[in-house]
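For reference, structure.txt is printed below; it contains compact mmCIF, C-alpha atoms and all ligand atoms.
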# COMPACT_ATOMS: atom_id res chain seq x y z
CA MET A 229 0.00 0.00 0.00
CA LEU A 230 3.04 2.26 0.41
CA GLU A 231 5.44 1.49 -2.34
CA LEU A 232 8.94 2.86 -2.78
CA GLU A 233 10.47 2.38 -6.21
CA GLU A 234 14.18 3.15 -6.53
CA VAL A 235 13.73 6.07 -4.14
CA GLY A 236 16.85 8.13 -3.59
CA PHE A 237 17.90 11.20 -1.68
CA ALA A 238 21.11 13.07 -2.46
CA ALA A 239 22.23 16.35 -0.90
CA PRO A 240 25.36 18.50 -0.91
CA GLU A 241 27.68 17.76 1.97
CA ASP A 242 27.67 21.45 2.89
CA PRO A 243 24.37 23.15 1.95
CA ALA A 244 26.09 26.57 2.17
CA ASP A 245 28.67 25.56 -0.45
CA GLU A 246 27.29 24.83 -3.90
CA GLY A 247 30.56 23.30 -5.01
CA SER A 248 30.64 20.74 -2.19
CA ARG A 249 30.46 17.03 -2.82
CA VAL A 250 26.98 15.57 -3.32
CA LEU A 251 26.29 12.74 -0.90
CA THR A 252 23.97 9.84 -1.68
CA ILE A 253 22.07 9.47 1.58
CA VAL A 254 19.26 7.13 0.49
CA ASP A 255 20.44 4.95 -2.35
CA GLY A 256 17.69 3.72 -4.66
CA VAL A 257 15.48 1.94 -2.13
CA SER A 258 12.65 -0.26 -3.42
CA TYR A 259 10.25 -1.65 -0.85
CA THR A 260 6.52 -2.20 -0.30
CA PHE A 261 5.08 -1.53 3.14
CA GLU A 262 1.92 -3.57 3.66
CA LYS A 263 -1.17 -2.16 5.29
CA GLY A 264 -1.50 -2.70 9.03
CA LYS A 265 1.96 -4.14 9.63
CA PHE A 266 4.47 -3.05 12.25
CA TYR A 267 7.93 -2.31 10.87
CA GLY A 268 11.00 -2.00 13.09
CA ILE A 269 13.59 0.08 11.27
CA THR A 270 17.07 -0.17 12.68
CA GLY A 271 20.75 -0.04 11.76
CA PRO A 272 23.89 1.92 12.53
CA ASN A 273 23.90 5.66 13.19
CA GLY A 274 24.18 7.64 9.99
CA GLY A 275 22.82 4.71 7.96
CA GLY A 276 19.91 6.74 6.56
CA LYS A 277 16.94 5.70 8.75
CA THR A 278 15.76 9.23 9.51
CA SER A 279 16.34 10.30 5.91
CA LEU A 280 14.23 7.41 4.61
CA ALA A 281 11.44 8.21 7.07
CA LYS A 282 11.54 11.88 6.01
CA LEU A 283 11.28 10.87 2.34
CA ILE A 284 8.04 9.04 3.09
CA MET A 285 6.62 12.07 4.93
CA GLY A 286 7.88 14.46 2.25
CA ILE A 287 10.15 16.37 4.63
CA ASN A 288 13.02 15.38 2.36
CA PRO A 289 12.15 15.58 -1.34
CA ALA A 290 13.02 12.40 -3.23
CA THR A 291 15.78 13.23 -5.71
CA SER A 292 15.01 10.06 -7.67
CA GLY A 293 12.41 7.33 -7.81
CA LYS A 294 8.72 7.13 -7.06
CA ILE A 295 6.54 6.83 -3.95
CA THR A 296 3.03 5.42 -4.28
CA PHE A 297 0.46 5.42 -1.47
CA GLU A 298 -2.76 3.44 -1.93
CA GLY A 299 -2.30 3.45 -5.68
CA GLU A 300 -1.61 7.18 -5.96
CA ASP A 301 1.75 8.68 -6.90
CA ILE A 302 2.61 10.98 -3.97
CA THR A 303 6.24 11.67 -4.95
CA GLY A 304 5.51 15.33 -5.69
CA LEU A 305 3.13 15.97 -2.78
CA SER A 306 3.95 18.33 0.08
CA ILE A 307 4.07 17.35 3.76
CA THR A 308 0.60 18.87 4.30
CA GLU A 309 -0.90 16.95 1.39
CA ARG A 310 0.59 13.70 2.64
CA ALA A 311 -0.65 14.45 6.17
CA ARG A 312 -4.17 14.89 4.76
CA LYS A 313 -3.86 11.44 3.22
CA GLY A 314 -3.13 10.01 6.66
CA ILE A 315 0.67 9.89 6.83
CA SER A 316 1.97 11.10 10.15
CA TYR A 317 5.49 11.64 11.45
CA SER A 318 6.94 11.95 14.91
CA PHE A 319 10.39 13.58 14.95
CA GLN A 320 13.56 12.16 16.46
CA ASN A 321 14.16 15.59 17.97
CA ALA A 322 10.71 16.88 18.88
CA ALA A 323 10.01 20.58 18.42
CA ARG A 324 9.30 22.94 21.31
CA PHE A 325 6.99 25.94 21.02
CA LYS A 326 6.92 29.00 23.21
CA GLY A 327 3.38 29.91 24.32
CA ILE A 328 1.72 26.73 23.02
CA THR A 329 0.31 24.14 25.38
CA PHE A 330 -0.15 20.43 24.96
CA ARG A 331 -3.91 21.10 24.83
CA ASP A 332 -3.36 23.36 21.77
CA LEU A 333 -1.28 20.74 19.95
CA LEU A 334 -3.68 17.94 20.79
CA SER A 335 -6.72 19.99 19.71
CA ILE A 336 -5.11 20.78 16.35
CA ALA A 337 -4.15 17.13 15.83
CA ALA A 338 -7.54 15.76 16.85
CA GLY A 339 -9.50 18.53 15.12
CA THR A 340 -11.53 19.25 18.27
CA ASP A 341 -11.17 21.11 21.57
CA ASP A 342 -13.93 19.12 23.22
CA GLU A 343 -12.70 18.36 26.74
CA GLU A 344 -14.20 14.89 26.81
CA LYS A 345 -12.61 13.94 23.49
CA LEU A 346 -9.20 15.24 24.53
CA THR A 347 -9.44 13.37 27.83
CA GLY A 348 -10.39 10.27 25.85
CA ILE A 349 -7.30 10.59 23.66
CA ILE A 350 -5.04 10.98 26.70
CA ALA A 351 -6.61 7.90 28.25
CA ARG A 352 -6.17 5.97 24.99
CA VAL A 353 -2.52 7.00 24.77
CA GLY A 354 -1.95 6.30 28.44
CA VAL A 355 1.71 7.26 28.58
CA CYS A 356 1.15 10.91 29.52
CA SER A 357 -0.85 12.10 32.49
CA MET A 358 -3.84 14.45 32.50
CA ASP A 359 -1.88 17.25 34.14
CA PHE A 360 0.22 17.47 30.97
CA LEU A 361 -2.74 19.06 29.24
CA ASP A 362 -2.11 22.65 30.18
CA LYS A 363 1.67 22.47 30.21
CA PRO A 364 3.46 24.73 27.74
CA VAL A 365 5.39 22.66 25.21
CA ASP A 366 8.55 24.69 25.77
CA ALA A 367 12.12 24.32 26.93
CA LYS A 368 11.05 23.49 30.48
CA LEU A 369 9.74 20.06 29.53
CA SER A 370 12.12 17.14 29.75
CA GLY A 371 13.12 15.29 26.59
CA GLY A 372 11.03 12.33 27.69
CA GLU A 373 7.92 14.43 28.36
CA ILE A 374 8.13 16.09 24.98
CA LYS A 375 8.44 12.73 23.23
CA LYS A 376 5.30 11.49 24.98
CA ILE A 377 3.43 14.61 23.93
CA GLU A 378 4.52 14.14 20.34
CA LEU A 379 3.44 10.53 20.40
CA ALA A 380 0.02 11.52 21.71
CA THR A 381 -0.44 14.15 18.98
CA THR A 382 0.55 11.62 16.31
CA ILE A 383 -2.01 9.13 17.60
CA ALA A 384 -4.68 11.84 17.91
CA ARG A 385 -4.56 12.25 14.13
CA ASN A 386 -5.69 8.63 13.64
CA PRO A 387 -3.02 8.12 11.00
CA ARG A 388 -3.11 5.39 8.38
CA ILE A 389 0.67 5.35 8.40
CA ALA A 390 2.40 6.35 11.62
CA ILE A 391 6.13 6.96 11.50
CA TYR A 392 7.97 7.25 14.83
CA ASP A 393 11.63 8.22 14.71
CA GLU A 394 13.32 6.88 17.86
CA PRO A 395 10.26 7.36 20.11
CA ASP A 396 12.21 6.00 23.06
CA THR A 397 14.87 8.75 23.07
CA GLY A 398 15.03 10.26 26.55
CA ILE A 399 12.25 7.98 27.81
CA ASP A 400 12.76 6.24 31.14
CA LEU A 401 13.00 2.48 31.06
CA TRP A 402 9.71 2.12 32.92
CA THR A 403 7.82 3.89 30.15
CA ILE A 404 9.33 1.99 27.24
CA GLY A 405 7.24 -1.14 27.89
CA PRO A 406 3.93 0.79 27.99
CA MET A 407 5.02 2.74 24.89
CA VAL A 408 5.72 -0.45 22.94
CA ASP A 409 2.34 -1.84 24.08
CA LEU A 410 0.62 1.37 23.02
CA LEU A 411 2.05 1.41 19.48
CA LYS A 412 1.33 -2.30 19.09
CA ARG A 413 -2.25 -1.82 20.34
CA GLU A 414 -2.81 1.11 17.97
CA GLN A 415 -1.47 -0.99 15.08
CA GLN A 416 -3.78 -3.89 15.88
CA GLU A 417 -6.96 -2.01 16.85
CA TYR A 418 -6.86 0.61 14.11
CA ASP A 419 -4.93 -1.34 11.48
CA THR A 420 -2.32 1.43 11.50
CA THR A 421 0.71 0.78 9.34
CA THR A 422 3.42 1.50 11.89
CA LEU A 423 7.05 2.36 11.16
CA VAL A 424 9.25 2.67 14.23
CA VAL A 425 12.88 3.68 13.91
CA SER A 426 14.63 2.29 16.96
CA HIS A 427 17.69 0.57 18.36
CA ASN A 428 15.58 -0.78 21.17
CA ARG A 429 15.07 -4.50 21.23
CA ALA A 430 11.66 -4.08 22.87
CA PHE A 431 10.33 -2.34 19.74
CA LEU A 432 12.07 -4.72 17.36
CA GLU A 433 10.72 -7.84 19.05
CA VAL A 434 7.10 -6.81 18.47
CA ALA A 435 7.69 -5.83 14.84
CA ASP A 436 6.23 -7.96 12.05
CA VAL A 437 9.18 -7.03 9.85
CA ILE A 438 12.65 -5.71 10.64
CA LEU A 439 14.28 -3.43 8.10
CA LEU A 440 17.96 -2.89 8.57
CA ILE A 441 19.21 0.28 6.92
CA ARG A 442 22.90 0.64 6.23
CA GLY A 443 24.69 2.91 3.78
CA GLY A 444 21.37 4.26 2.53
CA LYS A 445 20.14 0.81 1.48
CA ILE A 446 17.99 -1.92 2.97
CA ALA A 447 20.60 -4.42 4.11
CA TYR A 448 18.03 -6.86 5.51
CA SER A 449 14.28 -7.26 5.61
CA GLY A 450 12.65 -10.11 7.46
CA ASP A 451 11.85 -11.35 10.93
CA PHE A 452 13.61 -10.45 14.16
CA GLU A 453 15.30 -13.84 14.58
CA GLY A 454 16.82 -13.59 11.13
CA ALA A 455 18.05 -10.08 11.86
CA LEU A 456 19.88 -11.06 15.05
CA PRO A 457 23.14 -12.31 13.49
CA ILE A 458 23.44 -9.14 11.41
CA LEU A 459 22.52 -6.89 14.31
CA SER A 460 25.06 -8.48 16.61
CA ASP A 461 27.73 -7.90 13.94
CA LEU A 462 27.05 -4.18 13.96
CA SER A 463 28.67 -2.02 16.53
CA VAL A 464 25.32 -1.07 18.04
CA CYS A 465 24.59 -2.17 21.54
CA GLY A 466 22.06 -4.58 22.72
CA TYR A 467 21.12 -7.23 20.21
CA GLY A 468 23.12 -10.33 20.76
CA ASP A 469 25.70 -12.23 22.73
CA THR A 470 27.47 -9.11 23.95
CA CYS A 471 24.46 -8.54 26.18
CA GLU A 472 25.01 -11.61 28.31
CA GLY A 473 25.39 -10.68 31.94
CA GLU A 474 24.57 -7.02 31.30
CA SER A 475 21.62 -5.38 32.95
CA ASP A 476 18.63 -4.61 30.74
CA ALA A 477 19.27 -0.93 31.22
CA LYS A 478 22.68 -1.21 29.65
CA CYS A 479 21.63 -3.75 27.12
CA TYR A 480 18.55 -2.01 25.80
CA ARG A 481 19.92 1.56 26.13
N1 LIG A 501 19.93 17.15 4.31
C1 LIG A 501 21.11 16.56 4.45
N2 LIG A 501 22.22 17.07 3.86
C2 LIG A 501 23.42 16.48 3.97
N3 LIG A 501 23.65 15.35 4.66
C3 LIG A 501 22.60 14.78 5.29
C4 LIG A 501 21.28 15.36 5.22
N4 LIG A 501 20.44 14.56 5.92
C5 LIG A 501 21.19 13.55 6.42
N5 LIG A 501 22.47 13.68 6.05
C6 LIG A 501 23.57 12.73 6.34
O1 LIG A 501 23.15 11.46 5.86
C7 LIG A 501 23.54 10.41 6.75
C8 LIG A 501 22.33 9.65 7.21
O2 LIG A 501 21.62 10.43 8.16
P1 LIG A 501 20.33 9.94 8.92
O3 LIG A 501 19.30 9.59 7.92
O4 LIG A 501 19.99 10.99 9.91
O5 LIG A 501 20.86 8.62 9.63
P2 LIG A 501 20.26 7.76 10.83
O6 LIG A 501 18.90 8.27 11.16
O7 LIG A 501 20.26 6.35 10.32
O8 LIG A 501 21.22 7.91 11.98
C9 LIG A 501 24.32 11.10 7.86
O9 LIG A 501 25.68 11.02 7.55
C10 LIG A 501 23.81 12.52 7.83
O10 LIG A 501 24.75 13.41 8.32
MG MG A 502 18.06 9.14 12.89

Representation of the structure as structure tokens:
Amino acid sequence: MLELEEVGFAAPEDPADEGSRVLTIVDGVSYTFEKGKFYGITGPNGGGKTSLAKLIMGINPATSGKITFEGEDITGLSITERARKGISYSFQNAARFKGITFRDLLSIAAGTDDEEKLTGIIARVGVCSMDFLDKPVDAKLSGGEIKKIELATTIARNPRIAIYDEPDTGIDLWTIGPMVDLLKREQQEYDTTTLVVSHNRAFLEVADVILLIRGGKIAYSGDFEGALPILSDLSVCGYGDTCEGESDAKCYR
């Protein structure tokens, strides 16, 4: 239902210098994401995970190839147009806004300021408490709080495709389990095609498909068990034998 055909993204190494080397960041990726599945996207830092996710949302323009969503070519569509079609994106580094509260963000996302509906969304999301509602989404929030708020606003849009870029960044270990359960529940109850970029084993274990991105290409696609030997070869923590004897905290980041 979301089809990437030879999709590429190239950009100058230094955007301020026109003469700088052009880097191939996403290198002709072809892949079909099936409706209602949960994808765990992982791989080494700098491999191109965020860039690929941004290509799907239209934050990065594809410099080659074609993206089709439910039979329609969306390659040339803006972020807003893709959002209207039900594609939603939660940033690795969530934005902060002076003078805007969580209530404002949630109302915009849900398309209502009805108290009961907003309370219902917070209850459905579960990971953030009711007293978040009137908190300003500014620099005073912790990294973890802001990620939870972003997750809630993504879910409030009832997306058909939900993309979460490292949703566990800055989240305490006690919240990761409920967050994994939440995204899995949303996938299953609402048939949401879910793409989670993460190094966290807890997210990868519940995925229907693991995609390993390295050097701007899909180095592996398949189940978690099959991914383990490749993951343990990479110098990322937490997938294989190196974890033996380590605490979960260390192992799962
Ligand atoms: N707009 C851009 N211009 C130039 N280089 C970029 C741009 N976006 C990403 N990169 C580079 O592409 C590589 C892949 O980045 P990214 O997709 O963020 O990787 P990941 O999310 O897997 O860690 C990195 O080396 C990054 O610095
Ligand atoms: Mg990234």

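Residue nearest Thr329 in chain A, chosen from A:Ser279, A:Ser258, A:Thr308, A:Thr381 and counting only C-alpha atoms: A:Thr381.
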
Counting only C-alpha atoms and all ligand atoms, which protein, DNA or RNA residues come within 12 Å of ligand LIG 501 (chain A), given as JSON, numbers by chain? {"A": [236, 237, 238, 239, 240, 241, 242, 243, 244, 245, 248, 249, 250, 251, 252, 253, 254, 255, 269, 270, 271, 272, 273, 274, 275, 276, 277, 278, 279, 280, 281, 282, 283, 287, 288, 289, 290, 291, 319, 320, 321, 392, 393, 394, 424, 425, 426, 427, 439, 440, 441, 442, 443, 444, 445, 446, 464]}

Within 9 Å of Asp436 in chain A using all atoms listed in the file, minus same-chain residues under 4 positions, as JSON, numbers by chain: {"A": [265, 266, 267, 268, 432, 450, 451, 452]}

With 10 Å as the threshold, what does the neighbourhood of (4.2, 24.6, 30.9) contain in terms of residues, counting only C-alpha atoms? Coordinates are those of the file; answer as a ChimeraX atom specification. /A:326-330,360-369

Saved selection, atoms kept: C-alpha atoms, as a PDB file, keeping the file's coordinate frame:
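For reference, out-v6.pdb as written:
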ATOM      1  CA  LYS A 326       6.920  29.000  23.210  1.00  0.00           C
ATOM      2  CA  GLY A 327       3.380  29.910  24.320  1.00  0.00           C
ATOM      3  CA  ILE A 328       1.720  26.730  23.020  1.00  0.00           C
ATOM      4  CA  THR A 329       0.310  24.140  25.380  1.00  0.00           C
ATOM      5  CA  PHE A 330      -0.150  20.430  24.960  1.00  0.00           C
ATOM      6  CA  PHE A 360       0.220  17.470  30.970  1.00  0.00           C
ATOM      7  CA  LEU A 361      -2.740  19.060  29.240  1.00  0.00           C
ATOM      8  CA  ASP A 362      -2.110  22.650  30.180  1.00  0.00           C
ATOM      9  CA  LYS A 363       1.670  22.470  30.210  1.00  0.00           C
ATOM     10  CA  PRO A 364       3.460  24.730  27.740  1.00  0.00           C
ATOM     11  CA  VAL A 365       5.390  22.660  25.210  1.00  0.00           C
ATOM     12  CA  ASP A 366       8.550  24.690  25.770  1.00  0.00           C
ATOM     13  CA  ALA A 367      12.120  24.320  26.930  1.00  0.00           C
ATOM     14  CA  LYS A 368      11.050  23.490  30.480  1.00  0.00           C
ATOM     15  CA  LEU A 369       9.740  20.060  29.530  1.00  0.00           C
TER      16      LEU A 369
END

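For the pair CA of Phe261 in chain A and CA of Glu300 in chain A, the interatomic distance is 14.3 Å.
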
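A straight line drawn from CA of Gly293 in chain A to CA of Ala435 in chain A is 26.6 Å long.
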